[in-house]
>>> print(open('protein_36.csv').read())   # CSV, C-alpha atoms
chain,number,residue,atom,x,y,z
A,44,MET,CA,189.2,73.0,73.8
A,45,ALA,CA,192.8,73.8,74.8
A,46,PHE,CA,194.2,72.7,78.2
A,47,GLY,CA,196.8,75.1,79.5
A,48,ARG,CA,199.7,75.4,77.1
A,49,ARG,CA,198.9,75.0,73.4
A,50,ARG,CA,200.2,71.7,71.8
A,51,ARG,CA,200.5,71.0,68.2
A,52,ALA,CA,197.2,70.3,66.5
A,53,ASP,CA,198.7,67.3,64.7
A,54,GLU,CA,199.4,65.4,67.9
A,55,PRO,CA,197.1,63.2,70.0
A,56,ALA,CA,195.5,65.1,72.8
A,57,LYS,CA,198.1,63.8,75.3
A,58,GLY,CA,201.1,65.5,73.8
A,59,SER,CA,204.2,64.4,71.9
A,60,GLY,CA,205.6,60.9,72.0
A,61,PRO,CA,208.9,59.6,73.3
A,62,ALA,CA,211.9,60.9,71.5
A,63,ASP,CA,213.4,57.5,70.9
A,64,GLU,CA,210.4,56.2,68.9
A,65,LYS,CA,211.4,55.2,65.4
A,66,THR,CA,209.6,54.9,62.1
A,67,GLU,CA,208.7,51.2,61.7
A,68,VAL,CA,209.0,49.5,58.3
A,69,VAL,CA,206.7,46.5,57.9
A,70,SER,CA,207.4,43.7,55.4
A,71,ASP,CA,204.7,41.9,53.4
A,72,GLU,CA,205.5,38.7,55.2
A,73,ASP,CA,205.0,40.3,58.6
A,74,ALA,CA,201.8,41.8,57.6
A,75,ALA,CA,200.4,38.5,56.3
A,76,ALA,CA,201.5,36.7,59.4
A,77,ASP,CA,199.7,39.2,61.7
A,78,GLU,CA,196.4,39.2,59.8
A,79,ALA,CA,193.5,39.3,62.3
A,80,PRO,CA,190.3,37.4,62.0
A,81,ALA,CA,187.2,39.3,60.7
A,82,LYS,CA,185.7,41.7,63.2
A,83,GLU,CA,182.0,42.2,63.9
A,84,SER,CA,182.2,46.0,64.2
A,85,GLY,CA,184.5,48.9,63.6
A,86,PRO,CA,186.1,51.3,63.5
A,87,TRP,CA,187.5,49.5,60.5
A,88,ASP,CA,190.8,49.3,58.7
A,89,ALA,CA,190.7,50.0,54.9
A,90,ASP,CA,192.1,46.4,54.3
A,91,GLU,CA,189.2,44.8,56.3
A,92,LYS,CA,185.8,43.8,55.0
A,93,TYR,CA,183.6,46.6,56.2
A,94,PRO,CA,179.9,47.5,55.7
A,95,GLU,CA,179.0,49.5,52.6
A,96,LEU,CA,177.7,52.9,53.7
A,97,GLN,CA,177.6,56.4,52.4
A,98,ARG,CA,180.8,58.0,53.7
A,99,LEU,CA,182.7,61.3,53.2
A,100,ASP,CA,186.2,60.7,52.0
A,101,PHE,CA,188.7,62.7,54.2
A,102,GLY,CA,191.7,60.9,52.9
A,103,SER,CA,192.9,59.0,56.0
A,104,MET,CA,189.3,58.7,57.3
A,105,LEU,CA,186.1,57.6,55.6
A,106,VAL,CA,183.4,59.0,57.8
A,107,PRO,CA,179.7,57.8,57.5
A,108,VAL,CA,176.9,60.3,57.0
A,109,ALA,CA,173.4,60.2,58.4
A,110,PRO,CA,170.4,62.5,58.6
A,111,GLY,CA,170.9,65.5,60.9
A,112,LEU,CA,174.7,65.4,61.0
A,113,GLY,CA,176.9,68.4,60.3
A,114,PHE,CA,180.5,68.2,59.2
A,115,GLN,CA,183.3,70.7,59.5
A,116,VAL,CA,187.1,70.6,59.0
A,117,ASN,CA,189.4,72.2,61.5
A,118,PHE,CA,192.5,73.8,60.2
A,119,GLU,CA,196.0,74.6,61.6
A,120,ALA,CA,197.8,77.7,60.2
A,121,THR,CA,201.0,76.9,58.3
A,122,GLN,CA,201.7,80.5,57.3
A,123,VAL,CA,200.8,83.8,59.0
A,124,ASP,CA,201.2,87.5,58.1
A,125,GLU,CA,203.1,90.1,60.2
A,126,GLN,CA,200.0,90.5,62.5
A,127,GLY,CA,199.7,86.8,63.1
A,128,ASN,CA,196.7,86.3,60.9
A,129,PRO,CA,196.5,83.0,59.1
A,130,LEU,CA,197.3,83.0,55.3
A,131,ASP,CA,197.4,79.3,54.6
A,132,GLY,CA,196.7,76.1,56.5
A,133,ARG,CA,196.2,72.4,56.5
A,134,PRO,CA,193.3,70.3,57.7
A,135,VAL,CA,194.0,68.6,61.0
A,136,ALA,CA,190.7,67.3,62.4
A,137,VAL,CA,187.1,66.5,61.3
A,138,LEU,CA,184.3,67.8,63.5
A,139,VAL,CA,181.0,65.9,63.5
A,140,GLN,CA,178.0,67.8,64.9
A,141,HIS,CA,174.7,66.5,66.1
A,142,GLY,CA,172.2,68.6,68.0
A,143,GLU,CA,174.0,70.1,71.0
A,144,SER,CA,176.9,67.7,70.6
A,145,ALA,CA,180.2,67.6,68.7
A,146,MET,CA,182.8,64.9,68.1
A,147,GLN,CA,186.3,65.8,66.9
A,148,LEU,CA,188.1,63.0,65.0
A,149,GLN,CA,191.8,62.5,64.3
A,150,ALA,CA,193.8,59.5,63.1
A,151,PHE,CA,197.5,59.0,63.8
A,152,ALA,CA,200.2,56.6,62.8
A,153,ALA,CA,201.1,53.9,65.4
A,154,PRO,CA,203.6,51.1,65.9
A,155,LYS,CA,202.6,47.9,64.2
A,156,ARG,CA,203.0,45.6,67.3
A,157,SER,CA,201.7,47.8,70.1
A,158,GLY,CA,198.9,50.4,70.6
A,159,ILE,CA,199.3,53.9,72.0
A,160,TRP,CA,195.9,54.5,73.6
A,161,ASP,CA,197.1,53.5,77.1
A,162,ASP,CA,199.9,56.1,76.9
A,163,VAL,CA,197.7,58.7,75.3
A,164,ARG,CA,195.0,58.3,78.0
A,165,ARG,CA,197.5,58.6,80.9
A,166,GLU,CA,199.3,61.6,79.4
A,167,THR,CA,196.0,63.4,78.6
A,168,ALA,CA,194.8,62.9,82.2
A,169,THR,CA,198.0,64.3,83.5
A,170,ASP,CA,197.7,67.4,81.3
A,171,ILE,CA,194.1,68.0,82.4
A,172,ARG,CA,194.9,67.7,86.1
A,173,GLU,CA,198.1,69.7,86.1
A,174,GLU,CA,197.5,72.3,83.4
A,175,ALA,CA,193.7,72.8,83.3
A,176,GLN,CA,193.0,72.2,87.0
A,177,GLY,CA,190.5,69.7,85.9
A,178,GLN,CA,189.5,66.2,87.1
A,179,THR,CA,189.6,62.9,85.3
A,180,GLU,CA,188.4,59.4,85.7
A,181,GLU,CA,188.5,56.3,83.6
A,182,ALA,CA,185.3,54.4,82.6
A,183,ASP,CA,184.4,51.4,80.5
A,184,GLY,CA,182.8,52.3,77.2
A,185,PRO,CA,181.6,50.5,74.0
A,186,PHE,CA,185.2,50.8,72.6
A,187,GLY,CA,187.1,49.9,75.7
A,188,THR,CA,188.5,52.2,78.4
A,189,GLU,CA,187.6,55.8,78.0
A,190,LEU,CA,188.7,59.0,79.8
A,191,LEU,CA,186.1,61.3,81.2
A,192,ALA,CA,187.3,64.8,82.2
A,193,THR,CA,185.7,67.8,83.9
A,194,VAL,CA,187.4,71.1,83.2
A,195,PRO,CA,186.6,74.8,84.0
A,196,ALA,CA,185.2,76.5,80.9
A,197,ALA,CA,185.2,80.3,80.7
A,198,LEU,CA,181.8,82.0,81.1
A,199,THR,CA,182.4,85.6,80.0
A,200,GLU,CA,179.8,88.3,79.4
A,201,GLU,CA,180.4,87.9,75.6
A,202,ILE,CA,179.7,84.1,75.8
A,203,LEU,CA,176.6,84.7,77.9
A,204,ALA,CA,175.4,87.3,75.5
A,205,GLU,CA,175.6,84.8,72.6
A,206,MET,CA,173.6,82.2,74.4
A,207,PRO,CA,169.9,81.7,73.8
A,208,GLN,CA,167.9,83.1,76.7
A,209,GLU,CA,166.4,79.8,77.7
A,210,VAL,CA,170.0,78.3,78.0
A,211,ARG,CA,171.3,81.2,80.0
A,212,GLU,CA,168.4,80.9,82.5
A,213,GLN,CA,169.4,77.3,83.2
A,214,ILE,CA,172.9,78.3,84.4
A,215,PRO,CA,173.2,78.4,88.2
A,216,ALA,CA,173.9,81.9,89.5
A,217,GLU,CA,177.1,80.8,91.2
A,218,PHE,CA,178.7,79.8,87.9
A,219,ILE,CA,177.8,83.2,86.4
A,220,GLU,CA,179.3,85.0,89.4
A,221,GLN,CA,182.6,83.0,89.4
A,222,GLY,CA,182.9,83.3,85.6
A,223,TRP,CA,183.3,79.7,84.7
A,224,VAL,CA,181.3,76.5,84.4
A,225,PRO,CA,182.4,72.9,84.7
A,226,GLN,CA,182.5,71.2,81.3
A,227,ARG,CA,182.5,67.5,80.7
A,228,ILE,CA,184.6,66.0,77.9
A,229,ARG,CA,184.8,62.4,76.8
A,230,PHE,CA,188.0,61.0,75.2
A,231,ILE,CA,187.7,57.7,73.2
A,232,GLY,CA,190.6,55.9,71.6
A,233,VAL,CA,190.9,52.8,69.4
A,234,ASP,CA,194.2,51.1,68.4
A,235,GLY,CA,194.2,49.7,64.9
A,236,PRO,CA,196.8,48.1,62.6
A,237,ARG,CA,199.5,50.7,62.5
A,238,TRP,CA,197.0,53.5,63.3
A,239,PHE,CA,195.3,55.1,66.3
A,240,LEU,CA,191.9,56.8,66.1
A,241,GLN,CA,190.9,59.4,68.6
A,242,ALA,CA,187.5,61.0,69.3
A,243,VAL,CA,186.9,63.9,71.7
A,244,VAL,CA,183.2,64.3,72.5
A,245,GLN,CA,181.7,67.5,74.0
A,246,GLY,CA,178.2,68.7,74.6
A,247,ALA,CA,175.1,66.8,75.4
A,248,ALA,CA,176.3,63.5,74.0
A,249,VAL,CA,178.8,63.1,76.9
A,250,GLU,CA,175.8,62.1,79.1
A,251,ASP,CA,172.7,62.1,76.9
A,252,GLU,CA,172.4,58.5,75.6
A,253,GLU,CA,170.1,59.4,72.6
A,254,GLN,CA,172.6,62.0,71.2
A,255,TRP,CA,175.6,59.8,72.0
A,256,GLN,CA,174.0,56.8,70.1
A,257,VAL,CA,174.1,58.8,66.9
A,258,LEU,CA,177.8,59.8,67.3
A,259,GLU,CA,178.7,56.2,68.4
A,260,ASP,CA,177.3,54.8,65.2
A,261,VAL,CA,179.4,57.3,63.3
A,262,PHE,CA,182.6,56.4,65.2
A,263,ARG,CA,181.9,52.7,64.9
A,264,ASN,CA,181.6,52.8,61.1
A,265,ILE,CA,184.7,55.0,60.4
A,266,VAL,CA,187.2,53.4,58.0
A,267,VAL,CA,190.8,54.4,58.6
A,268,VAL,CA,193.1,54.5,55.5
A,269,ARG,CA,196.6,54.1,56.9
A,270,GLY,CA,198.5,53.9,53.7
A,271,GLU,CA,201.7,52.0,53.1
A,272,ALA,CA,204.2,54.9,53.6
A,273,PRO,CA,206.4,54.5,56.8
A,274,MET,CA,205.6,57.2,59.4
A,275,PRO,CA,206.8,57.9,62.9
A,276,PRO,CA,204.3,56.8,65.5
A,277,ARG,CA,201.9,59.6,66.6
A,278,ASP,CA,202.2,61.6,63.3
A,279,LEU,CA,198.9,62.8,62.1
A,280,LEU,CA,197.6,60.9,59.1
A,281,GLU,CA,197.0,63.2,56.2
A,282,LEU,CA,193.5,64.7,55.8
A,283,ARG,CA,192.0,66.1,52.6
A,284,ILE,CA,188.8,68.0,51.8
A,285,PRO,CA,186.0,65.9,50.3
A,286,LYS,CA,184.6,66.9,47.0
A,287,GLU,CA,181.3,67.5,48.6
A,288,PHE,CA,182.9,70.3,50.7
A,289,SER,CA,184.3,72.0,47.6
A,290,GLU,CA,181.0,71.9,45.9
A,291,ALA,CA,179.2,73.3,49.0
A,292,ALA,CA,181.8,76.1,49.3
A,293,GLN,CA,181.4,76.9,45.7
A,294,GLU,CA,177.6,77.1,45.9
A,295,GLU,CA,178.0,79.3,49.0
A,296,GLN,CA,180.4,81.6,47.3
A,297,GLU,CA,178.1,82.0,44.3
A,298,GLU,CA,175.1,82.7,46.5
A,299,GLU,CA,177.0,85.4,48.5
A,300,LYS,CA,179.0,86.6,45.6
A,301,VAL,CA,182.3,86.0,47.5
A,302,GLU,CA,185.4,85.9,45.3
A,303,THR,CA,187.7,83.9,47.7
A,304,PHE,CA,187.1,81.3,50.4
A,305,ASN,CA,188.8,81.7,53.8
A,306,PRO,CA,188.8,78.3,55.6
A,307,PHE,CA,189.7,79.9,58.9
A,308,GLU,CA,186.3,81.7,59.2
A,309,ARG,CA,184.1,78.6,59.2
A,310,GLY,CA,184.4,75.4,57.4
A,311,PRO,CA,184.5,74.3,54.7
A,312,GLU,CA,181.4,72.7,55.9
A,313,ILE,CA,178.3,70.7,55.1
A,314,THR,CA,175.7,71.9,57.6
A,315,GLU,CA,173.5,68.9,57.3
A,316,VAL,CA,173.2,65.6,55.5
A,317,ARG,CA,169.7,64.5,54.7
>>> encode(input="protein_36.csv", output="structure tokens")
Amino acid sequence: MAFGRRRRADEPAKGSGPADEKTEVVSDEDAAADEAPAKESGPWDADEKYPELQRLDFGSMLVPVAPGLGFQVNFEATQVDEQGNPLDGRPVAVLVQHGESAMQLQAFAAPKRSGIWDDVRRETATDIREEAQGQTEEADGPFGTELLATVPAALTEEILAEMPQEVREQIPAEFIEQGWVPQRIRFIGVDGPRWFLQAVVQGAAVEDEEQWQVLEDVFRNIVVVRGEAPMPPRDLLELRIPKEFSEAAQEEQEEEKVETFNPFERGPEITEVR
């Protein structure tokens, strides 16, 4: 969900970093000297010893799969036509869906000797309060300090018409009259060795413990593949499409007899992993 002005999709939710941040080059000696003891749980770095699980390979993130989960890749347009329609794009986020919940995942480069979650959290809260007229609060979570936000979400006639009748009937009349409904969003961040992993959770899992537990297990078992190339802090780590997505897209094309695949319509996507 966008808050006020549109920021680049390849930045953490809080916005761009300080202009004086420089790319940091790490020597083998420094890396060896700063090796941390083995952890008991993730998210994991690719160089750590992590549990063997079935995971989808998104390049910079290895995301575990489980029954009932849906996966989708979000794209950012890199080329548009004269009318502004996207012609080409690059993957910028992974969306994990479960029930009435969704969790957006992104991994970024970070300084070697300091994390960025504290700054990201403060700047995100400022954006929400000043640009989206929302409210924020910090809370302790399983991965440390989280940011909880409440923002006004549009409730137009078109949106209401697409809702199942039983869902619409549960919306208070005052929200329908005013044209918006308060929406809760949960921001989670973890600082790793030269990387930062961010999750944005929406839907029932923000407050429903059963649905959140499924997404928490996914987040906890993500493996971040930082790579050795020097990168400016806060640059998005490169994502790629898993082979399973290509196979699913090909099967869908064959079934629907579609000659070309447009990633901006929906997907590529695996609707469910059994």
>>> closest_residue(input="protein_36.csv", among="A:Ala152, A:Ala89, A:Leu138, A:Leu105", to="Pro276 (chain A)", atoms="only C-alpha atoms")
A:Ala152
>>> residues_around(input="protein_36.csv", residues="Val243 (chain A)", least_positions_apart="3", cutoff="12 Å", atoms="only C-alpha atoms", output="PyMOL selection string")
chain A and resi 44-45+55-57+136-140+144-150+164+167+189-192+227-232+240+246+248-249+258-259+262
>>> write_last_selection(input="protein_36.csv", atoms="C-alpha atoms", output="compact mmCIF listing (two decimals), in the frame of the given file")
# COMPACT_ATOMS: atom_id res chain seq x y z
CA MET A 44 189.20 73.00 73.80
CA ALA A 45 192.80 73.80 74.80
CA PRO A 55 197.10 63.20 70.00
CA ALA A 56 195.50 65.10 72.80
CA LYS A 57 198.10 63.80 75.30
CA ALA A 136 190.70 67.30 62.40
CA VAL A 137 187.10 66.50 61.30
CA LEU A 138 184.30 67.80 63.50
CA VAL A 139 181.00 65.90 63.50
CA GLN A 140 178.00 67.80 64.90
CA SER A 144 176.90 67.70 70.60
CA ALA A 145 180.20 67.60 68.70
CA MET A 146 182.80 64.90 68.10
CA GLN A 147 186.30 65.80 66.90
CA LEU A 148 188.10 63.00 65.00
CA GLN A 149 191.80 62.50 64.30
CA ALA A 150 193.80 59.50 63.10
CA ARG A 164 195.00 58.30 78.00
CA THR A 167 196.00 63.40 78.60
CA GLU A 189 187.60 55.80 78.00
CA LEU A 190 188.70 59.00 79.80
CA LEU A 191 186.10 61.30 81.20
CA ALA A 192 187.30 64.80 82.20
CA ARG A 227 182.50 67.50 80.70
CA ILE A 228 184.60 66.00 77.90
CA ARG A 229 184.80 62.40 76.80
CA PHE A 230 188.00 61.00 75.20
CA ILE A 231 187.70 57.70 73.20
CA GLY A 232 190.60 55.90 71.60
CA LEU A 240 191.90 56.80 66.10
CA GLY A 246 178.20 68.70 74.60
CA ALA A 248 176.30 63.50 74.00
CA VAL A 249 178.80 63.10 76.90
CA LEU A 258 177.80 59.80 67.30
CA GLU A 259 178.70 56.20 68.40
CA PHE A 262 182.60 56.40 65.20
>>> atom_distance(input="protein_36.csv", atom1="CA of Trp223 (chain A)", atom2="CA of Glu143 (chain A)")
19.1 Å
>>> closest_residue(input="protein_36.csv", among="A:Lys155, A:Ile265, A:Glu200, A:Thr193", to="Glu181 (chain A)", atoms="only C-alpha atoms")
A:Thr193
>>> atom_distance(input="protein_36.csv", atom1="CA of Gly111 (chain A)", atom2="CA of Lys286 (chain A)")
19.6 Å
>>> atom_distance(input="protein_36.csv", atom1="CA of Val163 (chain A)", atom2="CA of Pro236 (chain A)")
16.6 Å
>>> residues_near_point(input="protein_36.csv", point="(191.5, 74.6, 84.8)", cutoff="8 Å", atoms="all atoms listed in the file", output="PyMOL selection string")
chain A and resi 46-47+171-172+174-177+194-196
>>> residues_near_point(input="protein_36.csv", point="(189.5, 50.5, 54.6)", cutoff="8 Å", atoms="only C-alpha atoms", output="MDAnalysis selection string")
chainID A and resid 87:93 105 266:268
>>> closest_atom_pairs(input="protein_36.csv", of="region 152-176 of chain A", to="region 277-281 of chain A", cutoff="9 Å", atoms="all atoms listed in the file", output="tab-separated table")
residue	atom	partner	partner_atom	distance
A:Ala152	CA	A:Arg277	CA	5.1
A:Ala153	CA	A:Arg277	CA	5.9
A:Pro154	CA	A:Arg277	CA	8.7
A:Ile159	CA	A:Arg277	CA	8.3
>>> build_atoms(input="protein_36.csv", residues="region 240-266 of chain A", atoms="N, CA, C and O atoms", output="short mmCIF file (atom, residue, chain, number, x, y, z; two decimals), in the frame of the given file")
data_model
loop_
_atom_site.label_atom_id
_atom_site.label_comp_id
_atom_site.auth_asym_id
_atom_site.auth_seq_id
_atom_site.Cartn_x
_atom_site.Cartn_y
_atom_site.Cartn_z
N LEU A 240 192.99 55.88 66.31
CA LEU A 240 191.90 56.80 66.10
C LEU A 240 191.38 57.36 67.37
O LEU A 240 191.10 56.63 68.32
N GLN A 241 191.27 58.68 67.42
CA GLN A 241 190.90 59.40 68.60
C GLN A 241 189.62 60.22 68.40
O GLN A 241 189.51 60.89 67.37
N ALA A 242 188.69 60.16 69.34
CA ALA A 242 187.50 61.00 69.30
C ALA A 242 187.43 61.79 70.62
O ALA A 242 187.66 61.24 71.70
N VAL A 243 187.11 63.07 70.50
CA VAL A 243 186.90 63.90 71.70
C VAL A 243 185.47 64.44 71.59
O VAL A 243 185.11 65.17 70.65
N VAL A 244 184.65 64.04 72.54
CA VAL A 244 183.20 64.30 72.50
C VAL A 244 182.90 65.42 73.54
O VAL A 244 183.33 65.35 74.70
N GLN A 245 182.15 66.44 73.10
CA GLN A 245 181.70 67.50 74.00
C GLN A 245 180.23 67.77 73.77
O GLN A 245 179.67 67.41 72.74
N GLY A 246 179.62 68.40 74.76
CA GLY A 246 178.20 68.70 74.60
C GLY A 246 177.32 67.66 75.27
O GLY A 246 177.74 66.84 76.08
N ALA A 247 176.07 67.65 74.83
CA ALA A 247 175.10 66.80 75.40
C ALA A 247 175.39 65.31 75.33
O ALA A 247 175.03 64.53 76.21
N ALA A 248 176.07 64.90 74.25
CA ALA A 248 176.30 63.50 74.00
C ALA A 248 177.24 62.85 75.07
O ALA A 248 177.33 61.62 75.17
N VAL A 249 177.92 63.68 75.88
CA VAL A 249 178.80 63.10 76.90
C VAL A 249 177.91 62.32 77.92
O VAL A 249 178.34 61.28 78.43
N GLU A 250 176.69 62.78 78.16
CA GLU A 250 175.80 62.10 79.10
C GLU A 250 174.45 61.74 78.57
O GLU A 250 173.76 60.92 79.15
N ASP A 251 174.05 62.34 77.45
CA ASP A 251 172.70 62.10 76.90
C ASP A 251 172.87 60.84 75.93
O ASP A 251 173.51 60.91 74.88
N GLU A 252 172.24 59.76 76.30
CA GLU A 252 172.40 58.50 75.60
C GLU A 252 171.85 58.59 74.15
O GLU A 252 172.40 58.01 73.22
N GLU A 253 170.75 59.33 73.97
CA GLU A 253 170.10 59.40 72.60
C GLU A 253 171.08 60.13 71.66
O GLU A 253 171.28 59.66 70.53
N GLN A 254 171.65 61.27 72.10
CA GLN A 254 172.60 62.00 71.20
C GLN A 254 173.87 61.20 71.03
O GLN A 254 174.45 61.17 69.94
N TRP A 255 174.32 60.55 72.10
CA TRP A 255 175.60 59.80 72.00
C TRP A 255 175.40 58.61 71.02
O TRP A 255 176.32 58.27 70.28
N GLN A 256 174.24 57.98 70.97
CA GLN A 256 174.00 56.80 70.10
C GLN A 256 174.29 57.17 68.65
O GLN A 256 174.87 56.38 67.89
N VAL A 257 173.89 58.38 68.25
CA VAL A 257 174.10 58.80 66.90
C VAL A 257 175.60 58.93 66.59
O VAL A 257 176.12 58.44 65.58
N LEU A 258 176.34 59.59 67.50
CA LEU A 258 177.80 59.80 67.30
C LEU A 258 178.52 58.43 67.44
O LEU A 258 179.53 58.20 66.76
N GLU A 259 178.05 57.56 68.32
CA GLU A 259 178.70 56.20 68.40
C GLU A 259 178.58 55.47 67.14
O GLU A 259 179.55 54.82 66.71
N ASP A 260 177.42 55.53 66.49
CA ASP A 260 177.30 54.80 65.20
C ASP A 260 178.22 55.39 64.16
O ASP A 260 178.74 54.64 63.32
N VAL A 261 178.43 56.71 64.19
CA VAL A 261 179.40 57.30 63.30
C VAL A 261 180.79 56.78 63.54
O VAL A 261 181.49 56.31 62.64
N PHE A 262 181.20 56.84 64.79
CA PHE A 262 182.60 56.40 65.20
C PHE A 262 182.77 54.93 64.84
O PHE A 262 183.83 54.53 64.34
N ARG A 263 181.76 54.12 65.11
CA ARG A 263 181.90 52.70 64.90
C ARG A 263 182.04 52.32 63.43
O ARG A 263 182.60 51.27 63.11
N ASN A 264 181.59 53.17 62.55
CA ASN A 264 181.60 52.80 61.10
C ASN A 264 182.65 53.65 60.34
O ASN A 264 182.61 53.69 59.11
N ILE A 265 183.57 54.31 61.05
CA ILE A 265 184.70 55.00 60.40
C ILE A 265 185.63 53.96 59.80
O ILE A 265 185.92 52.93 60.41
N VAL A 266 186.15 54.25 58.61
CA VAL A 266 187.20 53.40 58.00
C VAL A 266 188.47 54.24 57.96
O VAL A 266 188.49 55.36 57.43
#
